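Just below is one structure, and these are the notes that go with it.
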Protein chains: 4
Amino acid sequence: MTMSPLTAVVPERDSAAAVVRFRAVRAATERLAAPLETEDYVVSSMSDVSPAKWHLAHTTWFFETFVLAPHLEGYTPRDPKYAFLFNSYYVQAGERHCRAQRGLVTRPTVREVFAYRAHVDEAMDTLFAQLAHDADHPAWTVIDLGTHHEQQHQELFVTDIKHVFWTNPVHPAYYAVVPGRVNAVPQSWLTVPEGLAEIGFAGSGFHFDNEAPRHRTWLSGARVAHRLVTNGEFAEFVSDGGYRKPALWLSAGFAAAQERAWHAPLYWQRVEDAWVEFTLAGDQPLDPDAPVTHVSFYEADAFARWAGARLPTEAEWEVAARDQPVTGRFADAGLLHPGANAAPGPQQFYGDAWQWTQSAYLPYPGFTAAEGALGEYNGKFMSDQWVLRGASCATPASHARHTYRNFFPSDARWQFSGIRLATDP
Amino acid sequence: MTMSPLTAVVPERDSAAAVVRFRAVRAATERLAAPLETEDYVVSSMSDVSPAKWHLAHTTWFFETFVLAPHLEGYTPRDPKYAFLFNSYYVQAGERHCRAQRGLVTRPTVREVFAYRAHVDEAMDTLFAQLAHDADHPAWTVIDLGTHHEQQHQELFVTDIKHVFWTNPVHPAYYAVVPGRVNAVPQSWLTVPEGLAEIGFAGSGFHFDNEAPRHRTWLSGARVAHRLVTNGEFAEFVSDGGYRKPALWLSAGFAAAQERAWHAPLYWQRVEDAWVEFTLAGDQPLDPDAPVTHVSFYEADAFARWAGARLPTEAEWEVAARDQPVTGRFADAGLLHPGANAAPGPQQFYGDAWQWTQSAYLPYPGFTAAEGALGEYNGKFMSDQWVLRGASCATPASHARHTYRNFFPSDARWQFSGIRLATDP
Amino acid sequence: MTMSPLTAVVPERDSAAAVVRFRAVRAATERLAAPLETEDYVVSSMSDVSPAKWHLAHTTWFFETFVLAPHLEGYTPRDPKYAFLFNSYYVQAGERHCRAQRGLVTRPTVREVFAYRAHVDEAMDTLFAQLAHDADHPAWTVIDLGTHHEQQHQELFVTDIKHVFWTNPVHPAYYAVVPGRVNAVPQSWLTVPEGLAEIGFAGSGFHFDNEAPRHRTWLSGARVAHRLVTNGEFAEFVSDGGYRKPALWLSAGFAAAQERAWHAPLYWQRVEDAWVEFTLAGDQPLDPDAPVTHVSFYEADAFARWAGARLPTEAEWEVAARDQPVTGRFADAGLLHPGANAAPGPQQFYGDAWQWTQSAYLPYPGFTAAEGALGEYNGKFMSDQWVLRGASCATPASHARHTYRNFFPSDARWQFSGIRLATDP
Amino acid sequence: MTMSPLTAVVPERDSAAAVVRFRAVRAATERLAAPLETEDYVVSSMSDVSPAKWHLAHTTWFFETFVLAPHLEGYTPRDPKYAFLFNSYYVQAGERHCRAQRGLVTRPTVREVFAYRAHVDEAMDTLFAQLAHDADHPAWTVIDLGTHHEQQHQELFVTDIKHVFWTNPVHPAYYAVVPGRVNAVPQSWLTVPEGLAEIGFAGSGFHFDNEAPRHRTWLSGARVAHRLVTNGEFAEFVSDGGYRKPALWLSAGFAAAQERAWHAPLYWQRVEDAWVEFTLAGDQPLDPDAPVTHVSFYEADAFARWAGARLPTEAEWEVAARDQPVTGRFADAGLLHPGANAAPGPQQFYGDAWQWTQSAYLPYPGFTAAEGALGEYNGKFMSDQWVLRGASCATPASHARHTYRNFFPSDARWQFSGIRLATDP
């Protein structure tokens with residue numbers, strides 16, 4: 001997902017809790033960085049990937065630009081060049097540095113970026129002291145937004161460094177913890193009934209603006225799988241020649257697969273008649289019961305057709321998920337692997353893999369862009385992408401909810417994106 | 001639209017009428033070719049554009065392959081190489097010739113292609129005689145499909161040759177008839193009420209499978225413009241700097257506009273402080289009251305945002321259009337220009353320009369692919385494109401209906417694609 | 001060779017002979033065009049290739065622009081747009097039409113281009129009448145230049161149409177005459193002695209400026225092959241894995257071969273364990289005794305290394321050739337195939353294939369650019385190319401001489417370019 | 001220059017001196033690295049540029065592979081993956097890691113690469129002890145070659161890091177020493193007489209194989225400038241519109257300049273009506289008396305034409321230089337800036353800028369490739385490049401000699417490449 005943090009709608013808040021949350025999120029980012037060597041922070045292995053250093057600095061620049069500059073008297077930016085280097089796409093906030101060049105910028109150093117983080121955190125503390133008794137101050141909304149923004153970048157931090165390490169022929173490990181294995185349960189199905197339904201965010205609590213407004217939609221009825229497609233199931237598709245049968249694919253999908261020589265999910269390697277998967281713990285034998293991840297929409301769609309099923313719509317997914325507990329293998333657990341579902345209970349709506357839907361990423365009826373600089377680009381990514389629902393093993397737990405709309409283009413594979421099947425009733 | 005003729009569903013029929021229709025469509029294709037010189041038939045000016053010669057041959061190959069070969073005893077293909085040269089994407093029907101190379105094939109000559117058409121038409125006559133009293137013969141379905149397929153190619157024939165002539169610095173005219181001018185009426189609005197609606201094809205008559213099944217959908221209510229956006233209105237957007245304001249654009253749209261240096265619709269040229277538009281009658285002064293055409297989805301979307309409106313969904317469009325008469329400036333009139341709407345009556349739903357909607361091109365609920373060779377690719381284009389509704393001045397009249405779903409990607413500009421605005425209620 | 005006709009140096013002349021020569025060259029061009037269909041004139045199969053129509057028009061535009069416009073009173077150009085469409089690179093002579101677009105221009109038609117030729121030829125007749133008794137008139141120099149220029153385009157006309165037909169999967173034949181076969185004689189060697197030599201044009205008669213000035217050069221001594229490398233010899237290199245052995249290749253050559261998947265000369269196809277060669281008479285079994293053609297410099301260089309030899313320098317070639325008769329299988333014979341050398345006599349210096357040398361295309365010592373418009377670009381192509389010597393089966397006989405310097409870049413393969421070996425003494 | 005160290009011819013040697021030289025060169029490399037931060041070692045800013053880390057490792061891998069592995073009993077490579085990561089193009093020495101990916105490899109870390117260097121240096125010490133009294137041992141030849149190889153990489157280390165820093169919008173400085181300024185003396189000319197000359201390496205001492213064999217060549221006579229073209233002189237060419245006048249350029253040169261929007265040498269920036277040059281000390285006002293550097297062959301050639309001169313041939317350069325002392329502003333001085341020549345004496349043959357010649361990089365007559373693995377690629381770069389002579393401010397002093405042949409393609413600009421003019425007599 002290209003970041004769209006500027007469009008959030010935030011409710012009344014408890015300012016002490018917001019401070020706690022701010023500090024927790026900032027610390028979580030730095031925990032994710034702990035296993036890296038200085039060199040790992042610098043490079044970008046493809047245009048979708050930003051350097052780790054950039055993620056650390058960009059999330060900091062957000063607070064500097066949208067919180068400290070307007071709300072902390074006397075605050076001056078740490079370095080005027082940072083606005084240029086660490087802006088992403090906020091045109092109103094100043095010229096941005098071309099994405100393709102990000103991975104070539106060796107200075108400021110990693111040490112300087114951490115100093116930048118500390119500098120901004122300190123200034124935030126000063127601001128927190130000033131705002132302690134002013135729960136209605138407009139800064140709080142932006143602070144809350146900034147923490148959710150930073151959580152989005154935490155997930156990208158992980159998926160990006162995975163890709164960087166993959167590009168290195170040596171295949172370094174981010175850390176050494178390998179997941180245990182259990183057996184997946186057989187597939188079964190949840191029923192989504194025909195009829196009018198309401199979807200979209202309702203109630204209080206944080207949400208991004210693309211989750212609103214809550215609105216009615218007509219459902220034709222569907223069955224939705226109660227767990228994700230496994231590596232073993234996807235391997236059958238592969239060995240059945242799935243990648244070479246055009247009738248299974250969207251036309252653009254088959255063209256993409258041919259052109260890029262896809263023959264398995266990203267990170268799968270064929271070694272002496274067995275599949276090896278590159279993970280954050282380095283190369284590992286493929287776990288057949290773990291959910292398949294790192295497939296594009298095109299592959300998810302082709303697999304579903306091969307399986308005699310289809311992908312769910314985002315409304316079907318949301319209706320199926322809304323009564324399920326928000327539990328799963330989240331990033332907070334420090335174990336960034338998708339895992340098998342061993343018991344009938346865990347239906348893997350969250351915490352293993354994002355799930356492609358067959359819904360294009362479009363505005364909800366009545367969606368309107370916010371005013372002003374932070375709302376400059378409301379909805380600007382609502383074309384040429386698909387909605388993914390759920391949350392992955394790289395998502396912070398507090399970031400998961402049943403109305404969350406993630407989105408990526410048809411050919412994106414470097415996220416922990418997997419497959420939940422659906423069928424007509 | 002990439003052609004998808006194989007997926008039609010055709011009702012019981014009157015075989016004599018089908019023969020009449022077949023001959024009329026075949027003749028109409030050749031009438032469209034009449035103004036061309038031999039040289040004009042050969043080239044392809046970009047990858048979306050097929051040579052005129054190819055359109056003439058490909059539509060003929062369709063009847064040879066899917067009607068004559070299976071149904072006329074003793075028929076042998078005119079030339080075994082034609083299946084290779086004039087196939088488009090029907091993988092099961094044999095290897096196809098790479099699209100990019102089509103415009104480099106000088107042989108068979110134009111004369112030979114016309115002879116091919118005559119040869120196939122003659123064989124079709126033989127078949128018609130055999131089937132005259134067998135109205136249930138399965139060939140009739142494919143024949144009907146073939147004529148609608150050929151009508152789709154008639155529209156492409158026109159838009160493709162327009163682009164070929166545009167590429168020539170001399171800007172040749174396809175023909176000399178220039179449209180008269182009248183004044184557009186002021187904009188007003190049709191109301192689409194909130195509530196459940198049914199959309200999709202119902203009843204008898206020909207339709208493509210992507211128009212089915214008819215199904216319920218919930219509408220949030222909207223106002224839909226009663227006429228198309230005019231050149232004059234779009235020129236205001238241009239002179240207001242619309243192409244240089246990122247806040248008006250989808251992110252991918254602004255990137256496309258920058259990268260390709262778009263600063264006006266395709267075919268507009270700035271000559272001495274006035275707009276000149278390249279038309280099928282050559283360069284002409286821009287008619288401010290005629291509907292704007294040759295804009296991409298991105299431009300349509302940006303214009304709508306600039307105008308404080310949005311594009312309609314395809315369901316809103318269909319509900320607004322279904323009670324309107326199917327009249328307009330169709331290709332059959334021999335005047336391939338979009339024209340101003342001079343009276344309150346003509347609402348330009350058909351016959352001037354295809355109208356971008358904000359609906360992604362996706363399968364209707366319950367859509368299922370047909371079986372067998374002709375249904376090989378049902379739905380294979382249902383990704384990364386938008387639905388356009390209506391019909392343009394290059395569409396044959398009998399090809400227009402309110403359930404028709406045309407589709408093109410976000411950046412396509414060489415079709416007669418225009419803009420109908422909508423707003424929330 | 002990119003054309004460089006503007007830089008010729010022409011001696012005193014016999015004006016009647018010049019008229020005869022003009023008419024003969026103009027007629028020869030049209031004889032070459034006779035086998036083409038209208039469609040064949042239009043397309044360009046790659047950026048090096050110009051459409052046949054363009055060659056016919058461009059050579060005519062040359063006389064219109066550089067002879068008629070300045071020297072025939074009252075002459076006005078046939079069509080002001082032609083200067084734009086048919087200029088090649090003469091910047092001072094007006095804006096030129098982008099090379100990549102040439103193959104998309106369907107108008108003016110072929111008929112109009114022939115009318116343009118007739119129009120200019122007629123005006124030339126008028127001019128000839130006026131100049132009949134003015135042998136010193138400066139127009140004669142340019143006329144002579146124009147005929148040599150047109151002869152260069154005759155060769156390109158042939159090699160370009162060959163490539164166009166090759167691009168067509170149907171592989172049409174330009175004409176039906178297939179060469180007879182005889183046996184090549186065994187290789188033997190000519191001696192080029194060590195010492196000072198003079199090379200470059202001397203004496204009277206036409207020559208291009210890159211052949212001058214005649215100058216001294218030191219030769220280290222060499223043996224130069226007395227005939228060209230044959231298809232059979234090159235096939236041994238292929239079957240020995242020559243294309244897959246990096247040690248045989250220049251670094252850039254091996255990279256080019258890999259990137260473009262070269263595995264044999266252009267126009268060779270492997271069909272059921274035998275080589276078939278596409279010729280101007282269509283696909284033909286490879287003649288093992290005919291000289292190999294359509295190899296790049298890189299392939300010629302790799303072959304020579306494989307054969308334990310090297311390519312000759314242009315000075316070695318010229319010294320070896322200068323006492324040989326200028327005979328061979330020239331285009332004038334109407335048989336555009338390279339042929340085997342059956343007798344000890346014909347040493348194939350001319351009339352079968354151009355011969356790559358190991359000399360970069362650089363100015364001779366003391367080379368100076370001519371003044372004025374026609375000399376605008378003297379020497380502008382003297383970088384990044386190699387000298388080829390001799391003449392091919394597509395060269396007009398009167399265009400062959402031992403000082404002629406043809407030139408192409410390292411990877412050019414669509415000319416009749418072959419290999420003459422050399423070794424140190 | 002792509003490195004070609006494997007092809008050296010090394011004379012009898014003094015083994016103690018060789019050890020001293022080895023240690024000095026290894027230490028010099030690390031001195032060059034001293035100003036870098038860890039992050040600076042990792043990235044590659046374009047395909048010509050290798051990461052600093054790679055240079056450090058690759059030069060070490062050379063000794064490990066070609067000296068230690070064959071000659072030190074019991075030596076095992078530090079890490080088997082290094083052969084893959086740090087090989088450059090030595091196909092026989094094992095698979096190499098794609099150049100384009102080099103800048104994405106974050107592991108091994110910089111610390112590990114330095115440890116690799118220390119490990120190999122230590123093993124080399126062991127070997128030195130064994131070979132101390134065996135001056136004829138074949139290892140000495142390769143050791144000497146390896147030190148010259150490493151010196152070539154020292155120059156690339158500097159030019160590559162300059163380009164990396166340039167790519168960073170912040171324009172970091174490699175170090176802070178800014179050159180003092182003095183005035184250039186007026187141009188004057190050295191005479192190279194007509195006649196037979198001998199060029200190429202003769203005598204004892206190290207040389208690369210492309211400098212041999214010494215051979216005779218005929219010179220037509222020339223005048224060669226006694227100093228380099230200055231920034232001020234080149235700025236006149238720029239302000240005279242030199243970059244926009246096609247008549248001054250080779251055809252391929254003007255095309256390159258247009259396509260890449262060249263309007264001044266690499267590293268020149270126009271800031272408020274003055275030229276600023278990016279140097280290893282960061283952005284600095286352009287010194288008009290310092291020699292122009294970072295121009296391509298195309299720009300050097302166009303400048304020379306504008307100045308009514310030409311570039312010298314490599315033979316002319318060598319004859320002019322051979323009696324001059326090998327002095328200049330070498331890298332060893334720790335001041336990597338080209339400087340003005342203030343006195344009549346210093347003729348800037350060495351130590352300021354490499355000087356483009358008009359000689360293509362071709363084998364000398366009688367050049368033969370060495371046998372075996374180290375000679376695998378003799379001459380493989382002898383196409384599509386030009387010879388540069390002299391030495392730059394980034395060249396180690398002991399690497400400069402009048403027979404040295406450096407080479408780069410026509411469009412290379414990231415080296416310290418400058419211009420020495422010549423004319424016909």
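Every chain in the structure tokens takes a letter, A first, then B, and so on in the order presented; its residues are numbered from 1, and the ligands are numbered from 1 following the presented order.
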
Contact table chain B vs chain C, cut-off 8 Å, shortest pair per residue, only C-alpha atoms, as a tab-separated table:
residue	atom	partner	partner_atom	distance
B:Glu37	CA	C:Thr109	CA	7.5
B:Thr38	CA	C:Glu39	CA	6.7
B:Glu39	CA	C:Thr106	CA	5.2
B:Asp40	CA	C:Thr106	CA	5.2
B:Val42	CA	C:Glu39	CA	6.5
B:Val43	CA	C:Leu104	CA	5.9
B:Ser44	CA	C:Leu104	CA	7.0
B:Ser45	CA	C:Leu104	CA	6.1
B:Lys81	CA	C:Val170	CA	7.1
B:Leu85	CA	C:Pro169	CA	7.9
B:Gln101	CA	C:Thr167	CA	7.8
B:Gly103	CA	C:Val43	CA	7.6
B:Leu104	CA	C:Val43	CA	5.9
B:Val105	CA	C:Asn168	CA	5.1
B:Thr106	CA	C:Glu39	CA	5.1
B:Arg107	CA	C:Glu39	CA	7.4
B:Thr109	CA	C:Glu39	CA	6.5
B:Val110	CA	C:Glu39	CA	7.7
B:Val164	CA	C:Leu104	CA	7.1
B:Phe165	CA	C:Val105	CA	7.9
B:Thr167	CA	C:Leu104	CA	7.0
B:Asn168	CA	C:Val105	CA	5.1
B:Pro169	CA	C:Leu85	CA	8.0
B:Val170	CA	C:Lys81	CA	7.2
B:Pro172	CA	C:Arg107	CA	7.4

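Using only C-alpha atoms, the residues found no farther than 9 Å from Thr368 (chain C), other than those of its own chain fewer than 3 positions away, are Asp209, Pro213, Pro363, Pro365, Asn378 and Gly379 of chain C.
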
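Residues of region 19-268 of chain B that DSSP, applied to the backbone, places in strand (DSSP E or B): Trp189, Leu190, Thr191, Val192, Gly195, Leu196, Ala197, Glu198, Ile199, His207, Phe208, His215, Arg216, Thr217, Trp218, Leu219, Ala222, Arg223, Val224, Ala225, Thr230 and Trp268 of chain B.
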
Residue subset to file, keeping N, CA and C atoms, as a PDB file, in the first residue's frame:
ATOM      1  N   TRP B 189     -29.828  18.389 -14.735  1.00  0.00           N
ATOM      2  CA  TRP B 189     -29.536  17.129 -14.069  1.00  0.00           C
ATOM      3  C   TRP B 189     -30.734  16.191 -13.994  1.00  0.00           C
ATOM      4  N   LEU B 190     -30.473  14.923 -14.152  1.00  0.00           N
ATOM      5  CA  LEU B 190     -31.461  13.863 -13.974  1.00  0.00           C
ATOM      6  C   LEU B 190     -31.271  13.281 -12.575  1.00  0.00           C
ATOM      7  N   THR B 191     -32.344  12.834 -11.979  1.00  0.00           N
ATOM      8  CA  THR B 191     -32.251  12.279 -10.624  1.00  0.00           C
ATOM      9  C   THR B 191     -32.286  10.751 -10.650  1.00  0.00           C
ATOM     10  N   VAL B 192     -31.318  10.170  -9.964  1.00  0.00           N
ATOM     11  CA  VAL B 192     -31.316   8.723  -9.756  1.00  0.00           C
ATOM     12  C   VAL B 192     -31.604   8.498  -8.278  1.00  0.00           C
ATOM     13  N   GLY B 195     -32.023   3.564  -3.430  1.00  0.00           N
ATOM     14  CA  GLY B 195     -32.842   2.353  -3.317  1.00  0.00           C
ATOM     15  C   GLY B 195     -32.268   1.188  -4.084  1.00  0.00           C
ATOM     16  N   LEU B 196     -32.922   0.069  -3.995  1.00  0.00           N
ATOM     17  CA  LEU B 196     -32.505  -1.131  -4.722  1.00  0.00           C
ATOM     18  C   LEU B 196     -32.864  -0.967  -6.188  1.00  0.00           C
ATOM     19  N   ALA B 197     -31.959  -1.348  -7.051  1.00  0.00           N
ATOM     20  CA  ALA B 197     -32.245  -1.303  -8.485  1.00  0.00           C
ATOM     21  C   ALA B 197     -31.783  -2.614  -9.090  1.00  0.00           C
ATOM     22  N   GLU B 198     -32.330  -2.907 -10.251  1.00  0.00           N
ATOM     23  CA  GLU B 198     -31.845  -4.056 -11.000  1.00  0.00           C
ATOM     24  C   GLU B 198     -31.113  -3.552 -12.234  1.00  0.00           C
ATOM     25  N   ILE B 199     -29.953  -4.086 -12.476  1.00  0.00           N
ATOM     26  CA  ILE B 199     -29.237  -3.719 -13.705  1.00  0.00           C
ATOM     27  C   ILE B 199     -28.756  -4.988 -14.390  1.00  0.00           C
ATOM     28  N   HIS B 207     -26.920 -10.006 -26.549  1.00  0.00           N
ATOM     29  CA  HIS B 207     -26.105  -9.255 -25.592  1.00  0.00           C
ATOM     30  C   HIS B 207     -24.823 -10.038 -25.328  1.00  0.00           C
ATOM     31  N   PHE B 208     -23.803  -9.315 -24.899  1.00  0.00           N
ATOM     32  CA  PHE B 208     -22.571  -9.996 -24.518  1.00  0.00           C
ATOM     33  C   PHE B 208     -22.704 -10.520 -23.096  1.00  0.00           C
ATOM     34  N   HIS B 215     -29.125  -8.320 -12.042  1.00  0.00           N
ATOM     35  CA  HIS B 215     -28.970  -8.520 -10.601  1.00  0.00           C
ATOM     36  C   HIS B 215     -29.321  -7.232  -9.862  1.00  0.00           C
ATOM     37  N   ARG B 216     -29.577  -7.405  -8.563  1.00  0.00           N
ATOM     38  CA  ARG B 216     -29.906  -6.245  -7.731  1.00  0.00           C
ATOM     39  C   ARG B 216     -28.642  -5.530  -7.256  1.00  0.00           C
ATOM     40  N   THR B 217     -28.761  -4.233  -7.093  1.00  0.00           N
ATOM     41  CA  THR B 217     -27.657  -3.447  -6.526  1.00  0.00           C
ATOM     42  C   THR B 217     -28.276  -2.282  -5.772  1.00  0.00           C
ATOM     43  N   TRP B 218     -27.609  -1.835  -4.733  1.00  0.00           N
ATOM     44  CA  TRP B 218     -28.128  -0.734  -3.926  1.00  0.00           C
ATOM     45  C   TRP B 218     -27.539   0.589  -4.424  1.00  0.00           C
ATOM     46  N   LEU B 219     -28.417   1.533  -4.694  1.00  0.00           N
ATOM     47  CA  LEU B 219     -27.960   2.853  -5.129  1.00  0.00           C
ATOM     48  C   LEU B 219     -28.105   3.854  -3.988  1.00  0.00           C
ATOM     49  N   ALA B 222     -28.219   9.786  -6.710  1.00  0.00           N
ATOM     50  CA  ALA B 222     -27.276  10.650  -7.419  1.00  0.00           C
ATOM     51  C   ALA B 222     -28.026  11.581  -8.364  1.00  0.00           C
ATOM     52  N   ARG B 223     -27.342  12.604  -8.791  1.00  0.00           N
ATOM     53  CA  ARG B 223     -27.785  13.417  -9.913  1.00  0.00           C
ATOM     54  C   ARG B 223     -26.838  13.124 -11.079  1.00  0.00           C
ATOM     55  N   VAL B 224     -27.404  12.917 -12.253  1.00  0.00           N
ATOM     56  CA  VAL B 224     -26.595  12.600 -13.433  1.00  0.00           C
ATOM     57  C   VAL B 224     -26.848  13.666 -14.493  1.00  0.00           C
ATOM     58  N   ALA B 225     -25.781  14.170 -15.074  1.00  0.00           N
ATOM     59  CA  ALA B 225     -25.897  15.268 -16.045  1.00  0.00           C
ATOM     60  C   ALA B 225     -26.747  14.841 -17.239  1.00  0.00           C
ATOM     61  N   THR B 230     -18.682  19.648 -22.661  1.00  0.00           N
ATOM     62  CA  THR B 230     -18.325  20.174 -23.990  1.00  0.00           C
ATOM     63  C   THR B 230     -16.832  20.505 -24.088  1.00  0.00           C
ATOM     64  N   TRP B 268      -5.950  17.622 -29.747  1.00  0.00           N
ATOM     65  CA  TRP B 268      -5.998  19.087 -29.663  1.00  0.00           C
ATOM     66  C   TRP B 268      -4.602  19.638 -29.937  1.00  0.00           C
TER      67      TRP B 268
END

Find the residues around His71 (chain A) up to 8 Å (only C-alpha atoms counted), leave out those fewer than 2 positions away in its own chain, and share them as a PyMOL selection string. chain A and resi 67-69+73+127+139

Exercise: Val49 (chain D) partners within 9 Å, only C-alpha atoms, chain neighbours under 6 positions left out, as a ChimeraX atom specification: /D:43,103,156-157,159-161,163-164,414

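The gap separating CA of His148 (chain C) from CA of Ala132 (chain C) is 20.6 Å, in Å to one decimal.
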